[in-house]
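Have a look at work25.cif below; it lists mmCIF, C-alpha atoms (C1' of nucleotides).
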data_upload
loop_
_atom_site.label_atom_id
_atom_site.label_comp_id
_atom_site.auth_asym_id
_atom_site.auth_seq_id
_atom_site.Cartn_x
_atom_site.Cartn_y
_atom_site.Cartn_z
CA MET A 2 102.39 92.26 78.89
CA THR A 3 104.87 90.00 80.58
CA GLU A 4 103.36 90.53 84.02
CA LYS A 5 103.39 87.12 85.59
CA ALA A 6 100.71 86.38 88.08
CA ILE A 7 102.41 83.29 89.37
CA PRO A 8 105.83 83.56 90.97
CA SER A 9 108.59 81.07 90.20
CA PRO A 10 109.80 78.78 92.97
CA ALA A 11 113.06 80.72 93.00
CA ALA A 12 111.16 83.97 93.51
CA ILE A 13 109.09 82.47 96.31
CA LYS A 14 112.17 81.19 98.07
CA ALA A 15 113.98 84.50 97.80
CA TRP A 16 110.89 86.32 99.06
CA ALA A 17 110.42 83.98 101.99
CA ARG A 18 114.03 84.26 103.06
CA LEU A 19 114.05 88.01 102.68
CA ILE A 20 111.02 88.46 104.88
CA ARG A 21 112.02 85.89 107.42
CA VAL A 22 115.65 86.91 107.74
CA SER A 23 114.89 90.58 108.03
CA ARG A 24 112.33 89.90 110.75
CA GLN A 25 114.79 87.77 112.67
CA LEU A 26 117.55 90.33 112.40
CA VAL A 27 115.38 93.25 113.42
CA GLU A 28 114.12 91.29 116.37
CA ARG A 29 117.66 90.49 117.46
CA ALA A 30 118.69 94.11 117.17
CA GLU A 31 115.60 95.25 119.09
CA ASP A 32 116.32 92.72 121.80
CA ALA A 33 119.88 93.95 122.14
CA LEU A 34 118.64 97.51 122.60
CA LYS A 35 116.06 96.42 125.13
CA ASP A 36 118.68 94.47 127.05
CA SER A 37 120.55 97.75 127.42
CA SER A 38 117.39 99.65 128.39
CA LEU A 39 117.57 101.71 125.23
CA PRO A 40 114.68 102.89 123.04
CA PRO A 41 113.49 100.93 119.99
CA LEU A 42 114.99 101.06 116.52
CA ALA A 43 112.37 103.49 115.25
CA TRP A 44 113.79 106.11 117.57
CA TYR A 45 117.24 105.48 116.21
CA ASP A 46 116.08 105.93 112.65
CA VAL A 47 114.66 109.35 113.40
CA LEU A 48 117.55 110.48 115.59
CA HIS A 49 119.97 109.35 112.92
CA GLU A 50 118.29 111.39 110.21
CA LEU A 51 118.10 114.41 112.46
CA ALA A 52 121.73 114.10 113.48
CA GLU A 53 122.75 113.98 109.83
CA ALA A 54 120.60 116.99 109.07
CA GLY A 55 122.49 119.06 111.62
CA GLU A 56 121.38 122.33 113.18
CA GLY A 57 119.02 123.10 110.34
CA GLY A 58 116.84 120.21 111.38
CA LEU A 59 114.20 118.57 109.25
CA ARG A 60 110.51 119.02 108.63
CA PRO A 61 108.34 116.08 109.67
CA PHE A 62 107.38 115.37 106.07
CA GLN A 63 111.06 115.03 105.23
CA LEU A 64 111.42 112.46 107.96
CA ILE A 65 108.50 110.58 106.48
CA GLU A 66 110.23 110.47 103.10
CA ARG A 67 113.49 109.29 104.59
CA THR A 68 112.25 106.74 107.10
CA LEU A 69 109.17 105.39 105.35
CA PHE A 70 107.13 105.68 108.51
CA ALA A 71 103.49 106.64 108.20
CA GLN A 72 102.55 110.24 108.82
CA TYR A 73 100.60 109.59 112.00
CA ASN A 74 103.45 107.44 113.21
CA ILE A 75 106.02 110.18 112.80
CA SER A 76 103.68 112.66 114.40
CA ARG A 77 103.39 110.58 117.52
CA LEU A 78 106.99 109.42 117.55
CA LEU A 79 108.12 113.04 117.49
CA ALA A 80 105.78 113.81 120.35
CA ARG A 81 107.43 111.07 122.39
CA LEU A 82 110.92 112.18 121.43
CA GLU A 83 110.06 115.73 122.40
CA ALA A 84 108.59 114.60 125.69
CA ASP A 85 111.89 112.87 126.37
CA GLY A 86 113.85 115.98 125.47
CA LEU A 87 115.61 114.30 122.54
CA VAL A 88 114.30 116.70 119.91
CA GLU A 89 112.79 120.16 119.84
CA LYS A 90 110.10 121.58 117.59
CA LEU A 91 110.67 124.97 116.08
CA ARG A 92 108.19 127.18 114.31
CA VAL A 93 109.26 127.65 110.75
CA ALA A 94 109.15 131.17 109.41
CA ASP A 95 107.93 130.80 105.86
CA ASP A 96 105.27 128.13 106.37
CA GLY A 97 102.76 128.62 109.13
CA ARG A 98 101.62 125.01 108.95
CA GLY A 99 105.00 123.50 109.49
CA GLN A 100 107.66 123.06 112.06
CA THR A 101 111.28 122.10 112.03
CA ILE A 102 112.53 119.29 114.18
CA ARG A 103 116.00 119.60 115.61
CA ILE A 104 117.91 117.05 117.62
CA THR A 105 119.07 118.16 121.06
CA GLY A 106 122.31 117.42 122.85
CA LYS A 107 120.54 114.76 124.82
CA GLY A 108 119.21 113.36 121.57
CA ARG A 109 122.70 113.12 120.12
CA GLU A 110 123.92 111.44 123.25
CA THR A 111 121.08 108.91 123.16
CA ARG A 112 121.80 108.22 119.52
CA ARG A 113 125.44 107.60 120.35
CA ARG A 114 124.60 105.12 123.04
CA MET A 115 122.12 103.37 120.79
CA TRP A 116 124.67 103.11 118.03
CA ALA A 117 127.14 101.42 120.34
CA ILE A 118 124.64 98.58 120.67
CA TYR A 119 122.98 98.73 117.28
CA GLY A 120 126.28 98.90 115.44
CA ARG A 121 127.52 95.89 117.31
CA SER A 122 124.39 94.00 116.31
CA ILE A 123 124.94 94.86 112.66
CA ALA A 124 128.56 93.79 112.88
CA GLU A 125 127.62 90.48 114.46
CA LEU A 126 124.48 89.67 112.52
CA VAL A 127 125.65 90.72 109.09
CA GLY A 128 129.27 91.85 109.06
CA ALA A 129 130.55 88.67 110.63
CA LYS A 130 128.52 86.41 108.37
CA LEU A 131 129.51 87.59 104.91
CA SER A 132 132.74 88.69 103.24
CA HIS A 133 133.12 92.21 101.99
CA ASP A 134 132.41 91.09 98.44
CA ASP A 135 129.36 89.15 99.48
CA LEU A 136 128.04 92.14 101.39
CA ASP A 137 128.43 94.24 98.28
CA ALA A 138 126.73 91.59 96.19
CA LEU A 139 123.84 91.47 98.63
CA SER A 140 123.49 95.24 98.61
CA ALA A 141 123.46 95.26 94.83
CA LEU A 142 120.78 92.59 94.59
CA LEU A 143 118.63 94.30 97.19
CA GLY A 144 119.15 97.58 95.43
CA ARG A 145 117.41 96.16 92.40
CA LEU A 146 114.35 95.36 94.49
CA ARG A 147 113.84 98.89 95.72
CA ASP A 148 110.77 100.78 94.80
CA PRO A 149 111.80 102.81 91.75
CA ALA A 150 109.89 105.73 93.25
CA THR A 151 111.96 105.71 96.42
CA LEU A 152 115.52 105.59 95.12
CA GLU A 153 117.47 107.33 97.83
CA MET B 8 137.98 87.02 119.66
CA THR B 9 137.27 88.53 116.29
CA GLU B 10 133.92 89.95 117.42
CA LYS B 11 133.86 93.37 115.90
CA ALA B 12 131.91 96.00 117.70
CA ILE B 13 131.98 98.37 114.77
CA PRO B 14 130.37 97.34 111.51
CA SER B 15 132.05 98.01 108.18
CA PRO B 16 130.46 100.46 105.76
CA ALA B 17 129.62 97.51 103.52
CA ALA B 18 127.85 95.78 106.39
CA ILE B 19 125.91 98.91 107.28
CA LYS B 20 124.81 99.38 103.70
CA ALA B 21 123.70 95.78 103.32
CA TRP B 22 121.83 95.99 106.63
CA ALA B 23 120.10 99.22 105.71
CA ARG B 24 118.98 97.92 102.35
CA LEU B 25 117.81 94.66 103.79
CA ILE B 26 115.63 96.33 106.40
CA ARG B 27 114.36 99.02 104.10
CA VAL B 28 113.61 96.82 101.12
CA SER B 29 111.87 94.17 103.15
CA ARG B 30 109.68 96.81 104.79
CA GLN B 31 108.78 98.29 101.44
CA LEU B 32 107.97 94.94 99.93
CA VAL B 33 105.86 93.77 102.84
CA GLU B 34 103.97 97.02 102.79
CA ARG B 35 103.27 96.65 99.08
CA ALA B 36 102.06 93.12 99.53
CA GLU B 37 99.86 94.15 102.46
CA ASP B 38 98.42 96.99 100.44
CA ALA B 39 97.58 94.63 97.59
CA LEU B 40 95.72 92.36 99.99
CA LYS B 41 93.87 95.28 101.52
CA ASP B 42 92.91 96.54 98.10
CA SER B 43 91.21 93.20 97.56
CA SER B 44 89.57 93.27 100.99
CA LEU B 45 91.61 90.30 102.09
CA PRO B 46 93.14 89.66 105.52
CA PRO B 47 96.72 90.62 106.37
CA LEU B 48 99.82 88.60 105.61
CA ALA B 49 100.02 87.16 109.11
CA TRP B 50 96.81 85.28 108.41
CA TYR B 51 98.29 83.89 105.26
CA ASP B 52 101.36 82.65 107.05
CA VAL B 53 99.30 80.67 109.51
CA LEU B 54 96.82 79.37 106.95
CA HIS B 55 99.70 78.33 104.74
CA GLU B 56 101.36 76.30 107.48
CA LEU B 57 98.07 74.70 108.41
CA ALA B 58 97.24 73.87 104.82
CA GLU B 59 100.61 72.18 104.44
CA ALA B 60 100.09 70.27 107.65
CA GLY B 61 96.89 68.71 106.30
CA GLU B 62 94.14 67.04 108.29
CA GLY B 63 96.45 66.28 111.20
CA GLY B 64 96.70 69.98 111.93
CA LEU B 65 99.32 71.61 114.07
CA ARG B 66 99.71 72.52 117.71
CA PRO B 67 99.96 76.24 118.42
CA PHE B 68 103.54 75.88 119.61
CA GLN B 69 104.44 74.32 116.28
CA LEU B 70 103.00 77.35 114.53
CA ILE B 71 105.14 79.55 116.73
CA GLU B 72 108.25 77.67 115.67
CA ARG B 73 107.36 77.87 112.01
CA THR B 74 106.12 81.43 111.76
CA LEU B 75 108.31 83.15 114.37
CA PHE B 76 105.30 84.95 115.81
CA ALA B 77 105.20 85.53 119.54
CA GLN B 78 103.17 83.15 121.65
CA TYR B 79 100.54 85.70 122.65
CA ASN B 80 100.32 86.77 119.07
CA ILE B 81 99.55 83.28 117.82
CA SER B 82 97.08 82.78 120.61
CA ARG B 83 95.09 85.82 119.56
CA LEU B 84 95.52 85.31 115.87
CA LEU B 85 94.10 81.81 116.20
CA ALA B 86 91.18 83.21 118.16
CA ARG B 87 90.43 85.58 115.29
CA LEU B 88 90.84 82.86 112.69
CA GLU B 89 88.51 80.64 114.65
CA ALA B 90 85.97 83.41 115.03
CA ASP B 91 86.04 83.75 111.25
CA GLY B 92 85.58 80.03 110.79
CA LEU B 93 88.93 79.61 109.03
CA VAL B 94 90.36 77.15 111.54
CA GLU B 95 89.02 74.88 114.23
CA LYS B 96 90.49 73.95 117.57
CA LEU B 97 90.47 70.31 118.56
CA ARG B 98 91.18 68.84 121.96
CA VAL B 99 94.23 66.66 121.75
CA ALA B 100 93.98 63.27 123.40
CA ASP B 101 97.35 62.73 125.01
CA ASP B 102 98.00 66.22 126.35
CA GLY B 103 95.28 67.92 128.34
CA ARG B 104 96.95 71.31 128.03
CA GLY B 105 97.09 71.38 124.32
CA GLN B 106 94.94 71.60 121.27
CA THR B 107 95.33 70.93 117.62
CA ILE B 108 94.52 73.57 115.06
CA ARG B 109 93.08 72.43 111.79
CA ILE B 110 92.28 74.53 108.76
CA THR B 111 88.67 74.43 107.55
CA GLY B 112 87.32 74.38 104.04
CA LYS B 113 86.61 78.07 104.32
CA GLY B 114 90.15 78.54 105.55
CA ARG B 115 91.55 76.78 102.50
CA GLU B 116 89.38 78.87 100.26
CA THR B 117 90.52 82.08 101.91
CA ARG B 118 94.13 81.00 101.59
CA ARG B 119 93.61 80.35 97.90
CA ARG B 120 92.15 83.76 97.31
CA MET B 121 94.93 85.39 99.28
CA TRP B 122 97.55 83.52 97.29
CA ALA B 123 96.12 84.80 94.03
CA ILE B 124 97.00 88.30 95.21
CA TYR B 125 100.02 87.58 97.33
CA GLY B 126 101.63 85.40 94.67
CA ARG B 127 101.15 88.11 92.11
CA SER B 128 102.86 90.58 94.42
CA ILE B 129 105.82 88.26 94.82
CA ALA B 130 106.03 87.78 91.08
CA GLU B 131 105.96 91.50 90.46
CA LEU B 132 108.08 92.72 93.32
CA VAL B 133 110.78 90.09 93.19
CA GLY B 134 110.31 87.66 90.32
CA ALA B 135 110.17 90.38 87.71
CA LYS B 136 113.18 92.25 89.07
CA LEU B 137 115.85 89.53 89.18
CA SER B 138 116.90 86.70 86.91
CA HIS B 139 116.60 83.13 88.07
CA ASP B 140 120.31 83.02 88.88
CA ASP B 141 120.17 86.28 90.77
CA LEU B 142 117.22 85.04 92.77
CA ASP B 143 119.19 81.95 93.72
CA ALA B 144 122.19 84.07 94.62
CA LEU B 145 120.03 86.26 96.81
CA SER B 146 118.51 83.25 98.54
CA ALA B 147 121.96 81.84 99.18
CA LEU B 148 123.29 85.06 100.66
CA LEU B 149 120.24 85.50 102.86
CA GLY B 150 120.50 81.88 103.91
CA ARG B 151 123.86 82.64 105.44
CA LEU B 152 122.30 85.34 107.60
CA ARG B 153 119.75 83.09 109.18
CA ASP B 154 119.82 82.41 112.85
CA PRO B 155 121.77 79.13 113.13
CA ALA B 156 119.21 77.98 115.72
CA THR B 157 116.32 78.35 113.30
CA LEU B 158 117.56 76.55 110.22
CA GLU B 159 114.39 75.31 108.65
"C1'" DC C 21 91.56 139.43 95.89
"C1'" DC C 22 88.43 135.10 96.26
"C1'" DG C 23 87.07 130.52 96.35
"C1'" DA C 24 88.63 125.85 95.36
"C1'" DT C 25 92.06 122.59 96.10
"C1'" DA C 26 96.36 120.83 98.13
"C1'" DT C 27 99.63 120.28 101.83
"C1'" DT C 28 101.22 119.87 106.75
"C1'" DA C 29 100.54 117.98 110.94
"C1'" DA C 30 97.56 116.33 114.78
"C1'" DT C 31 94.06 113.36 116.84
"C1'" DG C 32 89.72 110.31 118.21
"C1'" DC C 33 88.87 105.78 118.19
"C1'" DA C 34 89.32 100.84 117.12
"C1'" DA C 35 92.53 97.07 116.47
"C1'" DT C 36 96.86 95.04 117.43
"C1'" DT C 37 101.12 94.30 119.97
"C1'" DG C 38 104.08 93.75 123.95
"C1'" DC C 39 104.75 92.59 128.61
"C1'" DA C 40 103.87 90.23 132.51
"C1'" DT C 41 101.31 87.04 134.62
"C1'" DC C 42 98.13 83.29 135.23
"C1'" DT C 43 95.78 78.80 134.78
"C1'" DA C 44 95.94 74.14 133.69
"C1'" DC C 45 98.15 70.14 132.90
"C1'" DA C 46 102.81 67.22 132.53
"C1'" DT C 47 106.89 65.45 134.06
"C1'" DA C 48 110.66 64.72 137.23
"C1'" DT C 49 112.42 63.85 141.96
"C1'" DG C 50 112.61 61.99 146.28
"C1'" DC D 11 102.26 59.67 146.19
"C1'" DA D 12 103.62 64.70 147.10
"C1'" DT D 13 106.09 68.49 145.84
"C1'" DA D 14 108.78 71.11 142.63
"C1'" DT D 15 109.58 72.39 138.17
"C1'" DG D 16 108.48 72.70 133.24
"C1'" DT D 17 105.38 73.43 129.29
"C1'" DA D 18 101.01 74.92 126.65
"C1'" DG D 19 98.10 78.38 126.03
"C1'" DA D 20 95.18 82.48 127.49
"C1'" DT D 21 94.58 87.15 129.19
"C1'" DG D 22 94.62 91.98 131.75
"C1'" DC D 23 96.51 96.11 130.90
"C1'" DA D 24 99.48 99.59 128.80
"C1'" DA D 25 101.63 101.13 124.58
"C1'" DT D 26 101.58 101.39 119.72
"C1'" DT D 27 99.56 101.19 115.16
"C1'" DG D 28 96.14 101.93 111.61
"C1'" DC D 29 92.34 104.39 109.79
"C1'" DA D 30 89.71 108.18 109.02
"C1'" DT D 31 89.09 112.75 109.83
"C1'" DT D 32 90.21 117.41 111.27
"C1'" DA D 33 92.41 121.99 111.75
"C1'" DA D 34 95.35 125.22 109.93
"C1'" DT D 35 97.78 127.16 106.47
"C1'" DA D 36 99.42 127.49 101.31
"C1'" DT D 37 98.86 127.69 96.59
"C1'" DC D 38 96.50 127.98 92.32
"C1'" DG D 39 93.01 129.65 88.78
"C1'" DG D 40 90.36 133.13 87.52
#
Taking this structure as input, can you express it in the form of structure tokens?
Amino acid sequence: MTEKAIPSPAAIKAWARLIRVSRQLVERAEDALKDSSLPPLAWYDVLHELAEAGEGGLRPFQLIERTLFAQYNISRLLARLEADGLVEKLRVADDGRGQTIRITGKGRETRRRMWAIYGRSIAELVGAKLSHDDLDALSALLGRLRDPATLE
Amino acid sequence: MTEKAIPSPAAIKAWARLIRVSRQLVERAEDALKDSSLPPLAWYDVLHELAEAGEGGLRPFQLIERTLFAQYNISRLLARLEADGLVEKLRVADDGRGQTIRITGKGRETRRRMWAIYGRSIAELVGAKLSHDDLDALSALLGRLRDPATLE
DNA sequence: CCGATATTAATGCAATTGCATCTACATATG
DNA sequence: CATATGTAGATGCAATTGCATTAATATCGG
């Protein structure tokens, strides 16, 4: 096979920048949320998926697929969101094991307020740094690095 | 000012892919290390910096600058590395507060074994997915997203 | 229908992270 | 020199993560 065990310098550089830049950017975005006394990004990810899902809600395992969080992580994150009144857990009729998670009004409101800050961070950290074409080019390149098994 | 509070769809897409792909890739690399019973990536980062620094070693605050880890994180990570005999802490002559961290032979050996796995992951996850030119293009685009204050 | 296996979600416990603070030493200022 | 301020690094405690396991259904094969 052509599996190379040793990465090229170009691959190493791209890897290093990818890891480093994404860490920096996430940290900046998290800091911005904290400065506004808002919950962490992980909460946004879940609230976002639930808001998109609408009244039907989502099963926890669907959230796991969409957000890439670990199962135990989602389980506990949902417990915290429920404790804060941002989501509600509903028994699901046709599967006694499961439940459906639905976002509440308060959850939508929290998501909105988070987006005001998070969206600004994205605009500043990424939108303001690259042209439209460069953003598209970046998305395309990153798209080719996705796990083939996880193509959205 | 031209500060936009609302990110363009292209910016949102690039952001989402950046965060998602980097998480996936890091997780894959971590899994590969775990599968070989090797320490996590954070250890590699520190051992790598120390190996590059040579016999002179590095001060903890220099590691913080280079790796972007939080101060308390480095402090504890170094304690674990020392407990494992991978680094040693040396009193530094001209500053009674500080210390110099130096990698040990065992530390170099561990780094080597980690690189065998980690390097393969990079080759597979990134090197095998993009051409040399595309890798360079990706590095260039990511370079423009770096925090201006942290330009290596 | 029954037992074996798979899936969904939760949880006990150890390790790590984050936050705030603390100690020790350095440097600047009058 | 004495005090105030700054810097290097460690640490107590709470929150989160990771790992392994568990409980409660569901589904499949006979």
So how many Å separate CA of Arg67 (chain A) and CA of Leu142 (chain B), to one decimal? 27.2 Å
Find the nearest atom pair between each residue of chain B and chain A for residues within 8 Å, count only C-alpha atoms, give distances in Å to one decimal, sort rows by chain and ascending number, and present the table as CSV.
residue,atom,partner,partner_atom,distance
B:Glu10,CA,A:Glu125,CA,7.0
B:Lys11,CA,A:Ala124,CA,6.1
B:Ala12,CA,A:Arg121,CA,4.4
B:Ile13,CA,A:Arg121,CA,5.7
B:Pro14,CA,A:Ala124,CA,4.2
B:Ser15,CA,A:Gly128,CA,6.8
B:Ala17,CA,A:Leu136,CA,6.0
B:Ala18,CA,A:Gly128,CA,5.0
B:Ile19,CA,A:Ile123,CA,6.8
B:Lys20,CA,A:Ser140,CA,6.7
B:Ala21,CA,A:Ser140,CA,4.7
B:Trp22,CA,A:Ile123,CA,6.9
B:Arg24,CA,A:Leu143,CA,6.3
B:Leu25,CA,A:Ser23,CA,6.6
B:Ile26,CA,A:Ser23,CA,6.0
B:Val28,CA,A:Arg147,CA,5.8
B:Ser29,CA,A:Ile20,CA,6.0
B:Gln31,CA,A:Asp148,CA,7.4
B:Val33,CA,A:Ile20,CA,7.7
B:Ala123,CA,A:Ala6,CA,7.7
B:Gly126,CA,A:Ile7,CA,5.8
B:Arg127,CA,A:Ala6,CA,4.4
B:Ser128,CA,A:Ala6,CA,7.9
B:Ile129,CA,A:Pro8,CA,6.1
B:Ala130,CA,A:Pro8,CA,4.2
B:Glu131,CA,A:Glu4,CA,7.0
B:Leu132,CA,A:Leu146,CA,6.9
B:Val133,CA,A:Ala12,CA,6.1
B:Gly134,CA,A:Ala12,CA,5.0
B:Ala135,CA,A:Glu4,CA,7.7
B:Lys136,CA,A:Leu146,CA,6.4
B:Leu137,CA,A:Arg145,CA,7.5
B:His139,CA,A:Ala11,CA,6.5
B:Asp141,CA,A:Leu142,CA,7.4
B:Leu142,CA,A:Ala11,CA,6.0
B:Asp143,CA,A:Ala11,CA,6.3
B:Leu145,CA,A:Ala15,CA,6.4
B:Ser146,CA,A:Ala15,CA,4.8
B:Leu148,CA,A:Leu139,CA,6.7
B:Leu149,CA,A:Arg18,CA,6.3
B:Gly150,CA,A:Arg18,CA,6.9
B:Arg151,CA,A:Lys130,CA,6.7
B:Leu152,CA,A:Lys130,CA,6.4
B:Arg153,CA,A:Val22,CA,5.8
B:Asp154,CA,A:Gln25,CA,7.4
Can you check which residues of chain C have any atom within 10 Å of chain B? Use only C-alpha atoms (C1' of nucleotides) and format it as a PyMOL selection string. chain C and resi 36-38+44-46
For chain A, the nearest of the candidates D:DT31, D:DT26, D:DT15, D:DT21, counting only C-alpha atoms (C1' of nucleotides):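 Ranked by minimum distance to chain A, first place goes to D:DT26.
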Residue IDs satisfying the PyMOL selection byres ((chain D) within 9 of (chain A)), as number ranges by chain: D: 27-28, 34-36
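Straight-line separation from C1' of DA30 (chain C) to CA of Asp46 (chain A): 21.3 Å.
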With the file shown as input, list the residues that the PyMOL selection byres ((chain C and resi 39) around 10) selects, as a PyMOL selection string. (chain C and resi 37-38+40-41) or (chain D and resi 23-25)
Neighbours of DG32 (chain C) within 12 Å (only C-alpha atoms (C1' of nucleotides); same-chain residues fewer than 3 positions away dropped), as a PyMOL selection string? chain D and resi 29-32
Write out as a ChimeraX atom specification each polymer residue whose atoms come within 8 Å of Arg112 (chain A), counting all atoms listed in the file; drop sequence neighbours fewer than 5 positions from it. /A:45,48-49
Can you work out the spacing between CA of Ile75 (chain A) and CA of Ala36 (chain B) in Å, to one decimal?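 A separation of 22.0 Å between them.
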What do you get, as a VMD selection string, if you spell out every residue that the PyMOL selection byres ((chain A and resi 91) around 12) selects here? chain A and resid 56 to 61 83 88 to 90 92 to 94 96 to 105
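The environment of DA24 (chain C) within 12 Å, counting all atoms listed in the file and disregarding residues fewer than 4 places along the same chain, consists of DT37, DC38, DG39 and DG40 of chain D.
Counting only C-alpha atoms (C1' of nucleotides), the residue from C:DC22, C:DT28, C:DT49, C:DC33 that sits nearest to DA12 (chain D) is C:DT49.
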Taking (122.0, 105.0, 126.2) in the file's coordinates as the center, which residues reach within 12 Å of it, counting only C-alpha atoms (C1' of nucleotides), put as a list in words? Ala33, Leu34, Lys35, Asp36, Ser37, Ser38, Leu39, Pro40, Pro41, Trp44, Tyr45, Leu87, Lys107, Gly108, Arg109, Glu110, Thr111, Arg112, Arg113, Arg114, Met115, Trp116, Ala117, Ile118 and Tyr119 of chain A
